[in-house]
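work-v4.txt (compact mmCIF, C-alpha atoms)
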```txt
# COMPACT_ATOMS: atom_id res chain seq x y z
CA MET A 27 43.95 -74.27 88.40
CA LEU A 28 47.10 -74.89 86.37
CA ASN A 29 49.88 -72.33 86.43
CA VAL A 30 51.51 -71.97 83.00
CA THR A 31 54.60 -69.95 82.13
CA VAL A 32 55.04 -69.12 78.44
CA TRP A 33 58.71 -68.43 77.74
CA GLY A 34 59.86 -66.60 74.62
CA GLU A 35 63.25 -65.66 73.27
CA ASN A 36 61.85 -62.26 72.25
CA VAL A 37 64.62 -61.48 69.76
CA HIS A 38 62.94 -61.56 66.34
CA GLU A 39 60.16 -59.37 67.69
CA GLN A 40 62.69 -56.64 68.52
CA ASP A 41 64.48 -56.31 65.17
CA ASP A 42 62.49 -58.05 62.42
CA ALA A 43 59.71 -55.94 60.93
CA ALA A 44 58.07 -58.94 59.25
CA VAL A 45 57.78 -60.78 62.57
CA GLN A 46 56.54 -57.62 64.28
CA LYS A 47 53.77 -57.40 61.70
CA ILE A 48 52.66 -61.00 62.29
CA TYR A 49 53.12 -60.91 66.07
CA PRO A 50 52.73 -57.26 67.19
CA ASP A 51 52.18 -58.42 70.76
CA THR A 52 55.22 -60.78 70.59
CA MET A 53 55.08 -64.49 69.96
CA HIS A 54 55.01 -65.41 73.63
CA GLU A 55 52.07 -63.11 74.34
CA THR A 56 50.22 -64.57 71.35
CA ILE A 57 50.80 -68.12 72.62
CA ALA A 58 49.70 -67.07 76.10
CA ALA A 59 46.54 -65.42 74.74
CA GLY A 60 45.66 -68.61 72.86
CA LEU A 61 45.99 -70.69 76.02
CA ARG A 62 43.82 -68.28 77.96
CA ALA A 63 41.18 -68.37 75.23
CA LYS A 64 41.11 -72.17 75.00
CA LEU A 65 41.49 -73.03 78.69
CA GLY A 66 39.77 -70.13 80.43
CA ASP A 67 39.50 -70.57 84.17
CA GLU A 68 41.50 -73.80 84.04
CA VAL A 69 44.75 -71.84 83.85
CA LYS A 70 46.66 -68.86 85.09
CA VAL A 71 49.16 -67.87 82.39
CA ARG A 72 52.20 -65.67 82.81
CA THR A 73 54.94 -64.83 80.31
CA ALA A 74 58.72 -64.67 80.68
CA TRP A 75 61.48 -63.89 78.20
CA LEU A 76 65.19 -63.97 77.62
CA GLN A 77 66.04 -60.36 78.42
CA GLN A 78 64.60 -60.43 81.96
CA PRO A 79 66.84 -61.07 84.97
CA GLU A 80 67.44 -64.84 85.15
CA HIS A 81 65.43 -64.93 81.89
CA GLY A 82 62.30 -64.58 83.99
CA LEU A 83 62.75 -68.13 85.28
CA THR A 84 63.69 -67.61 88.90
CA GLU A 85 63.43 -70.40 91.43
CA GLU A 86 60.20 -68.81 92.68
CA VAL A 87 58.64 -68.67 89.21
CA LEU A 88 59.53 -72.28 88.42
CA ALA A 89 58.25 -73.45 91.80
CA GLU A 90 54.88 -71.92 90.91
CA THR A 91 54.85 -73.28 87.33
CA ASP A 92 53.00 -76.49 86.48
CA VAL A 93 53.80 -76.33 82.75
CA LEU A 94 56.47 -74.31 80.95
CA THR A 95 56.30 -73.65 77.20
CA TRP A 96 59.57 -72.73 75.46
CA TRP A 97 60.16 -70.97 72.11
CA GLY A 98 63.68 -70.05 71.03
CA HIS A 99 65.63 -69.72 67.79
CA ARG A 100 68.46 -67.20 67.41
CA ALA A 101 69.73 -66.94 70.95
CA HIS A 102 69.95 -70.49 72.30
CA GLY A 103 73.54 -69.82 73.36
CA ASP A 104 72.53 -66.75 75.39
CA VAL A 105 70.48 -68.79 77.83
CA ASP A 106 72.41 -69.08 81.08
CA ASP A 107 73.50 -72.61 81.95
CA ALA A 108 72.43 -72.13 85.57
CA VAL A 109 68.88 -71.40 84.42
CA VAL A 110 68.95 -74.47 82.19
CA GLU A 111 69.99 -76.60 85.18
CA ARG A 112 67.18 -75.07 87.20
CA VAL A 113 64.59 -75.86 84.53
CA GLN A 114 65.89 -79.42 84.12
CA GLU A 115 65.59 -80.03 87.85
CA ALA A 116 62.03 -78.68 87.80
CA VAL A 117 61.11 -81.05 84.94
CA LEU A 118 62.68 -84.05 86.67
CA ALA A 119 60.65 -83.14 89.77
CA GLY A 120 57.40 -83.08 87.79
CA MET A 121 56.96 -79.78 85.93
CA GLY A 122 55.72 -80.19 82.36
CA LEU A 123 57.72 -78.78 79.44
CA ILE A 124 56.41 -78.01 75.93
CA ALA A 125 59.24 -77.32 73.46
CA LEU A 126 58.05 -75.42 70.39
CA HIS A 127 59.46 -75.49 66.86
CA SER A 128 63.14 -74.43 66.86
CA ALA A 129 63.35 -75.09 70.58
CA HIS A 130 64.56 -78.49 69.40
CA PHE A 131 68.00 -76.82 69.53
CA SER A 132 67.44 -75.16 72.90
CA LYS A 133 69.86 -76.05 75.67
CA ILE A 134 67.09 -77.45 77.84
CA PHE A 135 65.60 -79.74 75.18
CA LYS A 136 69.01 -81.08 74.13
CA LYS A 137 69.89 -81.65 77.77
CA LEU A 138 66.70 -83.61 78.38
CA MET A 139 67.04 -85.63 75.15
CA GLY A 140 70.79 -86.33 75.35
CA THR A 141 71.17 -86.17 71.54
CA THR A 142 72.06 -83.55 68.91
CA CYS A 143 68.36 -82.93 68.09
CA SER A 144 69.46 -82.04 64.54
CA LEU A 145 67.16 -82.22 61.51
CA ASP A 146 66.71 -81.16 57.88
CA TRP A 147 64.96 -77.87 57.11
CA ARG A 148 63.83 -75.60 54.30
CA SER A 149 62.26 -72.17 54.77
CA ASP A 150 60.21 -71.83 51.60
CA ASN A 151 56.62 -70.91 52.50
CA ASP A 152 55.60 -74.57 52.38
CA ARG A 153 52.25 -76.18 53.13
CA GLU A 154 52.32 -78.53 56.12
CA LEU A 155 49.88 -81.37 56.67
CA LEU A 156 49.82 -82.46 60.31
CA TRP A 157 48.61 -86.07 60.57
CA THR A 158 47.38 -87.62 63.81
CA VAL A 159 49.00 -91.02 64.32
CA ALA A 160 47.75 -91.66 67.87
CA ALA A 161 43.98 -91.74 67.64
CA GLY A 162 42.42 -91.00 70.99
CA HIS A 163 45.50 -89.34 72.48
CA PRO A 164 44.45 -86.37 74.63
CA ILE A 165 46.79 -83.98 72.81
CA ALA A 166 45.00 -84.77 69.54
CA ALA A 167 41.49 -84.18 70.90
CA GLY A 168 39.44 -82.00 68.56
CA VAL A 169 42.21 -81.73 65.96
CA PRO A 170 41.33 -82.24 62.25
CA HIS A 171 42.97 -85.15 60.45
CA PRO A 172 44.95 -83.90 58.70
CA LEU A 173 45.35 -80.38 60.00
CA VAL A 174 46.32 -78.07 57.14
CA ILE A 175 48.84 -75.34 57.96
CA GLY A 176 48.94 -73.15 54.89
CA GLN A 177 52.36 -71.55 55.41
CA GLU A 178 55.24 -73.04 57.36
CA GLU A 179 58.92 -73.87 57.38
CA MET A 180 59.78 -77.45 56.46
CA TYR A 181 61.44 -79.76 58.96
CA GLY A 182 62.41 -83.22 57.71
CA GLU A 183 63.85 -86.45 58.97
CA LEU A 184 66.21 -87.54 60.24
CA PHE A 185 65.26 -85.90 63.55
CA ASP A 186 68.01 -86.98 65.96
CA VAL A 187 65.98 -87.48 69.12
CA PRO A 188 65.30 -90.58 71.23
CA GLN A 189 62.32 -92.63 70.12
CA PRO A 190 59.28 -90.89 71.64
CA ASP A 191 57.37 -92.65 74.40
CA GLU A 192 54.30 -91.65 72.36
CA LEU A 193 54.18 -90.19 68.86
CA VAL A 194 51.06 -88.10 68.36
CA PHE A 195 51.63 -86.25 65.06
CA VAL A 196 53.71 -86.56 61.90
CA SER A 197 53.99 -83.87 59.25
CA SER A 198 54.31 -84.09 55.48
CA PHE A 199 55.51 -81.38 53.10
CA SER A 200 55.48 -80.61 49.38
CA GLY A 201 58.98 -81.99 48.81
CA GLY A 202 57.90 -85.40 50.08
CA GLU A 203 59.53 -84.88 53.47
CA VAL A 204 58.01 -86.26 56.65
CA PHE A 205 58.74 -85.32 60.26
CA ARG A 206 57.82 -86.53 63.74
CA SER A 207 56.05 -83.37 64.83
CA GLY A 208 54.37 -84.32 68.10
CA CYS A 209 56.66 -86.28 70.43
CA CYS A 210 55.89 -87.18 74.05
CA TYR A 211 58.56 -88.05 76.58
CA ARG A 212 58.80 -88.69 80.30
CA ARG A 213 61.87 -87.48 82.14
CA GLY A 214 61.99 -88.20 85.85
CA GLN A 215 58.55 -87.23 87.16
CA GLY A 216 57.99 -84.72 84.35
CA ARG A 217 56.30 -84.89 80.97
CA VAL A 218 57.86 -83.30 77.87
CA PHE A 219 56.08 -82.59 74.58
CA TYR A 220 57.89 -81.43 71.45
CA PHE A 221 55.63 -79.73 68.88
CA ARG A 222 57.08 -78.78 65.49
CA PRO A 223 54.92 -76.00 63.90
CA GLY A 224 55.63 -72.37 64.81
CA ASP A 225 58.27 -70.64 62.68
CA GLN A 226 58.44 -66.91 63.38
CA GLU A 227 57.87 -66.00 59.72
CA TYR A 228 54.34 -67.43 59.63
CA PRO A 229 51.14 -66.79 61.64
CA THR A 230 50.92 -70.33 62.97
CA TYR A 231 50.20 -69.43 66.60
CA HIS A 232 47.13 -67.44 65.51
CA GLN A 233 45.56 -70.60 64.05
CA PRO A 234 42.78 -71.87 66.35
CA GLU A 235 43.63 -75.55 65.79
CA ILE A 236 47.25 -74.93 66.81
CA GLN A 237 46.02 -73.13 69.91
CA GLN A 238 43.85 -76.18 70.69
CA ILE A 239 46.84 -78.51 70.41
CA LEU A 240 48.85 -76.34 72.80
CA ALA A 241 45.94 -76.23 75.23
CA ASN A 242 45.62 -80.02 75.06
CA ALA A 243 49.37 -80.35 75.59
CA VAL A 244 49.23 -78.17 78.70
CA ARG A 245 46.60 -80.45 80.20
CA TRP A 246 48.64 -83.55 79.29
CA ALA A 247 51.96 -82.19 80.59
CA ALA A 248 50.61 -80.98 83.93
CA PRO A 249 52.02 -82.76 87.00
CA VAL A 250 50.16 -85.90 88.04
CA VAL A 251 51.97 -86.32 91.38
CA PRO A 252 53.31 -83.78 93.88
CA ARG A 253 56.52 -82.18 92.66
CA LYS A 254 59.54 -84.04 94.03
CA LEU A 255 62.88 -85.08 92.58
CA PRO A 256 63.39 -88.85 92.39
CA ASP A 257 65.87 -89.91 95.05
CA VAL A 258 67.93 -92.94 96.13
CA HIS A 259 66.89 -95.00 99.14
CA HIS A 260 69.39 -96.90 101.25
CA ARG A 261 67.98 -100.22 102.43
CA ALA A 262 69.67 -100.74 105.78
CA THR A 263 68.88 -104.44 106.26
CA PRO A 264 67.98 -107.31 103.91
CA GLY A 265 64.76 -107.94 105.80
CA TRP A 266 63.41 -104.41 105.66
CA PHE A 267 60.22 -105.44 103.84
CA ASP A 268 59.21 -108.06 106.39
CA GLN A 269 59.92 -105.68 109.24
CA ALA A 270 57.69 -102.94 107.85
```

Could you quickly redo this structure as structure tokens?
Amino acid sequence: MLNVTVWGENVHEQDDAAVQKIYPDTMHETIAAGLRAKLGDEVKVRTAWLQQPEHGLTEEVLAETDVLTWWGHRAHGDVDDAVVERVQEAVLAGMGLIALHSAHFSKIFKKLMGTTCSLDWRSDNDRELLWTVAAGHPIAAGVPHPLVIGQEEMYGELFDVPQPDELVFVSSFSGGEVFRSGCCYRRGQGRVFYFRPGDQEYPTYHQPEIQQILANAVRWAAPVVPRKLPDVHHRATPGWFDQA
């Protein structure tokens, strides 16, 4: 069984009536419910959020987490740097991370990417077409080509991130913009997936196909080796291999 922690900023849900109407159970609980529905007994899903002590991401919680999903927007700067360091270490040791939508500007994603992670955007109730560009990739399993998302915020290139190890999806919008919307990375022993759709103003996380992508991503990002930070080995003698 995979242990998944769904982390949410939980700010819009507290003071934005429009978001409360779309996500009355909060965005993170909606994402968690979708994973439970799609993955069933494969997973045990818990939620955590910004306002909890240590943002709900204690050493104990992270040690028990195989895959962490992260949604943030307005309060990136309120995330404690010590927690960010803790999450980074967990990823480097093998925990999977799924960064959602505006989590491109989260401290943890920028730290793992080493770039500004900036992009173009337009919030104008746009239609998004999500195109699969890696046929046969496990994250794209069962996803229509293209997947139509009727209402979404536009993100456009240039997306200042390292070239993905694997690019699974690109998006197109009514203004002609395109965007690398499904990016896979490996950092240390861990797998990282960035997935673009999911603005708080639209019901994206209620869409079954989006839930399927997130479920596929959890399976892909799960650790494939026992959790352990990469370390440096001191070779004491030149002939160590022959003596083994």

Spatial neighbours of segment 218-227 of chain A, 7 Å, all atoms listed in the file, chain gap at least 3 places, as number ranges by chain: A: 45, 122-127, 178-179, 207-212, 230-231, 247

Any chance you can output those residues with C-alpha atoms as a tab-separated table (two decimals), in the frame of the given file?
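Result file result-v7.tsv:
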```tsv
chain	number	residue	atom	x	y	z
A	45	VAL	CA	57.78	-60.78	62.57
A	122	GLY	CA	55.72	-80.19	82.36
A	123	LEU	CA	57.72	-78.78	79.44
A	124	ILE	CA	56.41	-78.01	75.93
A	125	ALA	CA	59.24	-77.32	73.46
A	126	LEU	CA	58.05	-75.42	70.39
A	127	HIS	CA	59.46	-75.49	66.86
A	178	GLU	CA	55.24	-73.04	57.36
A	179	GLU	CA	58.92	-73.87	57.38
A	207	SER	CA	56.05	-83.37	64.83
A	208	GLY	CA	54.37	-84.32	68.10
A	209	CYS	CA	56.66	-86.28	70.43
A	210	CYS	CA	55.89	-87.18	74.05
A	211	TYR	CA	58.56	-88.05	76.58
A	212	ARG	CA	58.80	-88.69	80.30
A	230	THR	CA	50.92	-70.33	62.97
A	231	TYR	CA	50.20	-69.43	66.60
A	247	ALA	CA	51.96	-82.19	80.59
```

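Relative to atom CA of Ile165 of chain A, atom CA of Val87 of chain A is found at 25.4 Å.
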
Env of Asp106 of chain A: 9 Å cut, atoms = only C-alpha atoms, seq-sep filter 4 positions within chain, self excluded. Answer as a count of residues only. 4

Produce a table with one row for each residue of segment 54-99 of chain A that has an atom at most 10 Å from any atom of segment 248-252 of chain A, each row naming the nearest atom pair and its distance in Å at one decimal; use only C-alpha atoms; arrange rows by chain and rising residue number; format as CSV.
```
residue,atom,partner,partner_atom,distance
A:Thr91,CA,A:Ala248,CA,9.4
A:Asp92,CA,A:Ala248,CA,5.7
A:Val93,CA,A:Ala248,CA,5.8
A:Leu94,CA,A:Ala248,CA,9.4
```

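With distances restricted to only C-alpha atoms, A:Cys143 is the closest residue to Gln189 of chain A from A:Ala108, A:Ala58, A:Cys143, A:Ala166.
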
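Between atom CA of Ser144 of chain A and atom CA of Glu183 of chain A lies a distance of 9.1 Å.
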
Selected residue of minimal separation from Val30 of chain A among A:Gln269, A:Gln46, A:Thr158, A:Thr95, counting all atoms listed in the file: A:Thr95

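Taking atom CA of Trp75 of chain A and atom CA of Gly34 of chain A as endpoints, the distance between them is 4.8 Å.
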
Measuring between all atoms listed in the file, which one of A:Trp33, A:Phe135, A:Trp157, A:Tyr228 shows the shortest distance to Val204 of chain A? A:Trp157

List the neighbours of Gly202 of chain A out to 12 Å using all atoms listed in the file; skip same-chain residues closer than 4 positions along the sequence, and give me the result as a PyMOL selection string. chain A and resi 152-155+180-183+197-198

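With distances restricted to all atoms listed in the file, A:Ile236 is the closest residue to Thr56 of chain A from A:Leu118, A:Ala243, A:Ile236, A:Leu83.
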
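Using all atoms listed in the file, the shortest contact distance between Arg72 of chain A and any of A:Glu39, A:Pro188, A:His163, A:Val32 is found at A:Val32.
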
Please, what is the axis-aligned box for every listed atom of segment 173-176 of chain A with 8 Å on each side, as centre and edge lengths in Å to one decimal, as lines of an AutoDock Vina configuration file?
```
center_x = 47.1
center_y = -76.8
center_z = 57.4
size_x = 19.6
size_y = 23.2
size_z = 21.1
```
